[in-house]
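Trainee: Please see the structure below; I have some questions.
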Amino acid sequence: MPIHSLTPYAHVADVHRSIAFYRRLGLEVQNSHSDDGVLAWAFLSTPTPDRRVAGARLMVAAADEPIDASNQAVLFYCWTDDARGLRAELESAGIDVGEIEHPFYMRAGQFEVVDPDGYVVLVGQ
């Protein structure tokens, strides 16, 4: 049987801070876990009307060691129906976002934003 979904699992310096950032992209906390009163893990996803349809999903966990942003070997690619609108919304919230570019594989446009731990998030339309 083939897998039916894939969820990135990222180690982060501060789970609360990562939740706040990814909420700006529309993800909501679905589950979380605390150790000794400290938030240690969270599962976030976008709401979907049909649970059989995969939305955006991400798990974040508190890192055991400092995060080295220059050593991130993964990026997250996301899709939106309105790249310009989302970019404007993020920019107005004080988040540093890249310009909309139009590579051959994303003619409608994409932009880059970097999360608090240095993970690159590309958002395409």
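Labeling convention for the structure tokens: chains A, B, ... as they appear, residues from 1 per chain, ligands from 1 in order of appearance.
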Within 7 Å of Ile67 (chain A), counting only C-alpha atoms, which residues show up once you throw out same-chain ones fewer than 4 positions away? Write them as a PyMOL selection string, please.

Mentor: chain A and resi 12-13+117

Trainee: Could I get the residues of region 22-48 of chain A with an atom no further than 12 Å from an atom of region 83-102 of chain A, each paired with its nearest atom pair and that distance in Å to one decimal, using only C-alpha atoms, sorted by chain and residue number, as JSON lines?

Mentor:
{"residue": "A:Tyr22", "atom": "CA", "partner": "A:Leu90", "partner_atom": "CA", "distance": 10.9}
{"residue": "A:Arg23", "atom": "CA", "partner": "A:Leu90", "partner_atom": "CA", "distance": 10.9}
{"residue": "A:Arg24", "atom": "CA", "partner": "A:Leu90", "partner_atom": "CA", "distance": 7.1}
{"residue": "A:Leu25", "atom": "CA", "partner": "A:Leu86", "partner_atom": "CA", "distance": 8.0}
{"residue": "A:Gly26", "atom": "CA", "partner": "A:Leu86", "partner_atom": "CA", "distance": 9.9}

Trainee: Using only C-alpha atoms, determine which residues lie at most 10 Å from Asp14 (chain A), disregarding the query and same-chain residues fewer than 2 positions distant; provide the list as a ChimeraX atom specification.

Mentor: /A:11-12,16-19,39-41,60-63,67,116-117

Trainee: Write out as a count of residues only the set of residues from chain A that DSSP, computed on the backbone, places in alpha helix (DSSP H).

Mentor: 19

Trainee: Report as a PyMOL selection string: the residues of region 6-78 of chain A with a DSSP assignment of strand (DSSP E), based on the backbone of this structure.

Mentor: chain A and resi 9-12+28-35+38-45+57-62+75-78

Trainee: What does the file look like for those residues with N, CA and C atoms, as a PDB file, in the first residue's frame?

Mentor:
ATOM      1  N   TYR A   9       8.138  17.400   9.725  1.00  0.00           N
ATOM      2  CA  TYR A   9       8.324  17.442  11.174  1.00  0.00           C
ATOM      3  C   TYR A   9       9.587  18.258  11.408  1.00  0.00           C
ATOM      4  N   ALA A  10       9.458  19.460  11.927  1.00  0.00           N
ATOM      5  CA  ALA A  10      10.589  20.372  12.078  1.00  0.00           C
ATOM      6  C   ALA A  10      10.917  20.605  13.547  1.00  0.00           C
ATOM      7  N   HIS A  11      12.202  20.579  13.857  1.00  0.00           N
ATOM      8  CA  HIS A  11      12.648  20.955  15.192  1.00  0.00           C
ATOM      9  C   HIS A  11      12.814  22.475  15.219  1.00  0.00           C
ATOM     10  N   VAL A  12      12.298  23.084  16.258  1.00  0.00           N
ATOM     11  CA  VAL A  12      12.271  24.543  16.361  1.00  0.00           C
ATOM     12  C   VAL A  12      12.781  24.989  17.727  1.00  0.00           C
ATOM     13  N   GLU A  28      -3.784  25.761  11.884  1.00  0.00           N
ATOM     14  CA  GLU A  28      -4.349  25.790  13.227  1.00  0.00           C
ATOM     15  C   GLU A  28      -3.809  24.608  14.014  1.00  0.00           C
ATOM     16  N   VAL A  29      -3.638  24.788  15.326  1.00  0.00           N
ATOM     17  CA  VAL A  29      -3.159  23.702  16.180  1.00  0.00           C
ATOM     18  C   VAL A  29      -4.267  22.663  16.309  1.00  0.00           C
ATOM     19  N   GLN A  30      -3.933  21.432  15.971  1.00  0.00           N
ATOM     20  CA  GLN A  30      -4.877  20.319  16.089  1.00  0.00           C
ATOM     21  C   GLN A  30      -4.597  19.477  17.328  1.00  0.00           C
ATOM     22  N   ASN A  31      -3.329  19.461  17.747  1.00  0.00           N
ATOM     23  CA  ASN A  31      -2.934  18.680  18.904  1.00  0.00           C
ATOM     24  C   ASN A  31      -1.618  19.243  19.409  1.00  0.00           C
ATOM     25  N   SER A  32      -1.358  19.074  20.684  1.00  0.00           N
ATOM     26  CA  SER A  32      -0.085  19.530  21.241  1.00  0.00           C
ATOM     27  C   SER A  32       0.250  18.697  22.475  1.00  0.00           C
ATOM     28  N   HIS A  33       1.503  18.832  22.896  1.00  0.00           N
ATOM     29  CA  HIS A  33       1.972  18.092  24.075  1.00  0.00           C
ATOM     30  C   HIS A  33       2.938  18.971  24.848  1.00  0.00           C
ATOM     31  N   SER A  34       2.809  18.946  26.161  1.00  0.00           N
ATOM     32  CA  SER A  34       3.715  19.694  27.032  1.00  0.00           C
ATOM     33  C   SER A  34       4.458  18.727  27.936  1.00  0.00           C
ATOM     34  N   ASP A  35       5.713  19.059  28.218  1.00  0.00           N
ATOM     35  CA  ASP A  35       6.517  18.333  29.195  1.00  0.00           C
ATOM     36  C   ASP A  35       6.790  19.274  30.351  1.00  0.00           C
ATOM     37  N   VAL A  38       5.900  22.836  29.783  1.00  0.00           N
ATOM     38  CA  VAL A  38       6.523  23.534  28.656  1.00  0.00           C
ATOM     39  C   VAL A  38       6.035  22.893  27.358  1.00  0.00           C
ATOM     40  N   LEU A  39       5.500  23.727  26.457  1.00  0.00           N
ATOM     41  CA  LEU A  39       5.016  23.219  25.179  1.00  0.00           C
ATOM     42  C   LEU A  39       6.182  22.610  24.401  1.00  0.00           C
ATOM     43  N   ALA A  40       6.081  21.303  24.102  1.00  0.00           N
ATOM     44  CA  ALA A  40       7.195  20.596  23.484  1.00  0.00           C
ATOM     45  C   ALA A  40       6.911  20.155  22.059  1.00  0.00           C
ATOM     46  N   TRP A  41       5.640  20.053  21.666  1.00  0.00           N
ATOM     47  CA  TRP A  41       5.293  19.514  20.350  1.00  0.00           C
ATOM     48  C   TRP A  41       3.913  20.023  19.973  1.00  0.00           C
ATOM     49  N   ALA A  42       3.716  20.240  18.660  1.00  0.00           N
ATOM     50  CA  ALA A  42       2.389  20.615  18.169  1.00  0.00           C
ATOM     51  C   ALA A  42       2.200  20.086  16.755  1.00  0.00           C
ATOM     52  N   PHE A  43       0.978  19.703  16.471  1.00  0.00           N
ATOM     53  CA  PHE A  43       0.571  19.309  15.125  1.00  0.00           C
ATOM     54  C   PHE A  43      -0.360  20.391  14.624  1.00  0.00           C
ATOM     55  N   LEU A  44      -0.015  20.984  13.475  1.00  0.00           N
ATOM     56  CA  LEU A  44      -0.813  22.049  12.887  1.00  0.00           C
ATOM     57  C   LEU A  44      -1.307  21.608  11.521  1.00  0.00           C
ATOM     58  N   SER A  45      -2.474  22.101  11.133  1.00  0.00           N
ATOM     59  CA  SER A  45      -2.968  21.828   9.785  1.00  0.00           C
ATOM     60  C   SER A  45      -3.970  22.897   9.398  1.00  0.00           C
ATOM     61  N   ARG A  57      -0.071  20.481   6.399  1.00  0.00           N
ATOM     62  CA  ARG A  57       0.177  19.860   7.701  1.00  0.00           C
ATOM     63  C   ARG A  57       1.617  20.092   8.098  1.00  0.00           C
ATOM     64  N   LEU A  58       1.832  20.253   9.402  1.00  0.00           N
ATOM     65  CA  LEU A  58       3.185  20.454   9.917  1.00  0.00           C
ATOM     66  C   LEU A  58       3.220  20.054  11.377  1.00  0.00           C
ATOM     67  N   MET A  59       4.264  19.326  11.758  1.00  0.00           N
ATOM     68  CA  MET A  59       4.526  19.066  13.166  1.00  0.00           C
ATOM     69  C   MET A  59       5.778  19.839  13.543  1.00  0.00           C
ATOM     70  N   VAL A  60       5.760  20.442  14.718  1.00  0.00           N
ATOM     71  CA  VAL A  60       6.933  21.143  15.237  1.00  0.00           C
ATOM     72  C   VAL A  60       7.213  20.614  16.642  1.00  0.00           C
ATOM     73  N   ALA A  61       8.484  20.502  16.947  1.00  0.00           N
ATOM     74  CA  ALA A  61       8.903  20.020  18.262  1.00  0.00           C
ATOM     75  C   ALA A  61      10.081  20.845  18.748  1.00  0.00           C
ATOM     76  N   ALA A  62      10.139  21.031  20.052  1.00  0.00           N
ATOM     77  CA  ALA A  62      11.249  21.780  20.638  1.00  0.00           C
ATOM     78  C   ALA A  62      12.556  21.048  20.370  1.00  0.00           C
ATOM     79  N   LEU A  75      13.088  22.922   2.513  1.00  0.00           N
ATOM     80  CA  LEU A  75      12.201  24.085   2.447  1.00  0.00           C
ATOM     81  C   LEU A  75      10.783  23.569   2.353  1.00  0.00           C
ATOM     82  N   PHE A  76       9.845  24.394   2.737  1.00  0.00           N
ATOM     83  CA  PHE A  76       8.437  24.027   2.694  1.00  0.00           C
ATOM     84  C   PHE A  76       7.796  24.757   1.529  1.00  0.00           C
ATOM     85  N   TYR A  77       7.122  24.014   0.657  1.00  0.00           N
ATOM     86  CA  TYR A  77       6.421  24.627  -0.463  1.00  0.00           C
ATOM     87  C   TYR A  77       4.935  24.560  -0.188  1.00  0.00           C
ATOM     88  N   CYS A  78       4.284  25.705  -0.248  1.00  0.00           N
ATOM     89  CA  CYS A  78       2.853  25.809   0.037  1.00  0.00           C
ATOM     90  C   CYS A  78       2.144  26.415  -1.169  1.00  0.00           C
TER      91      CYS A  78
END
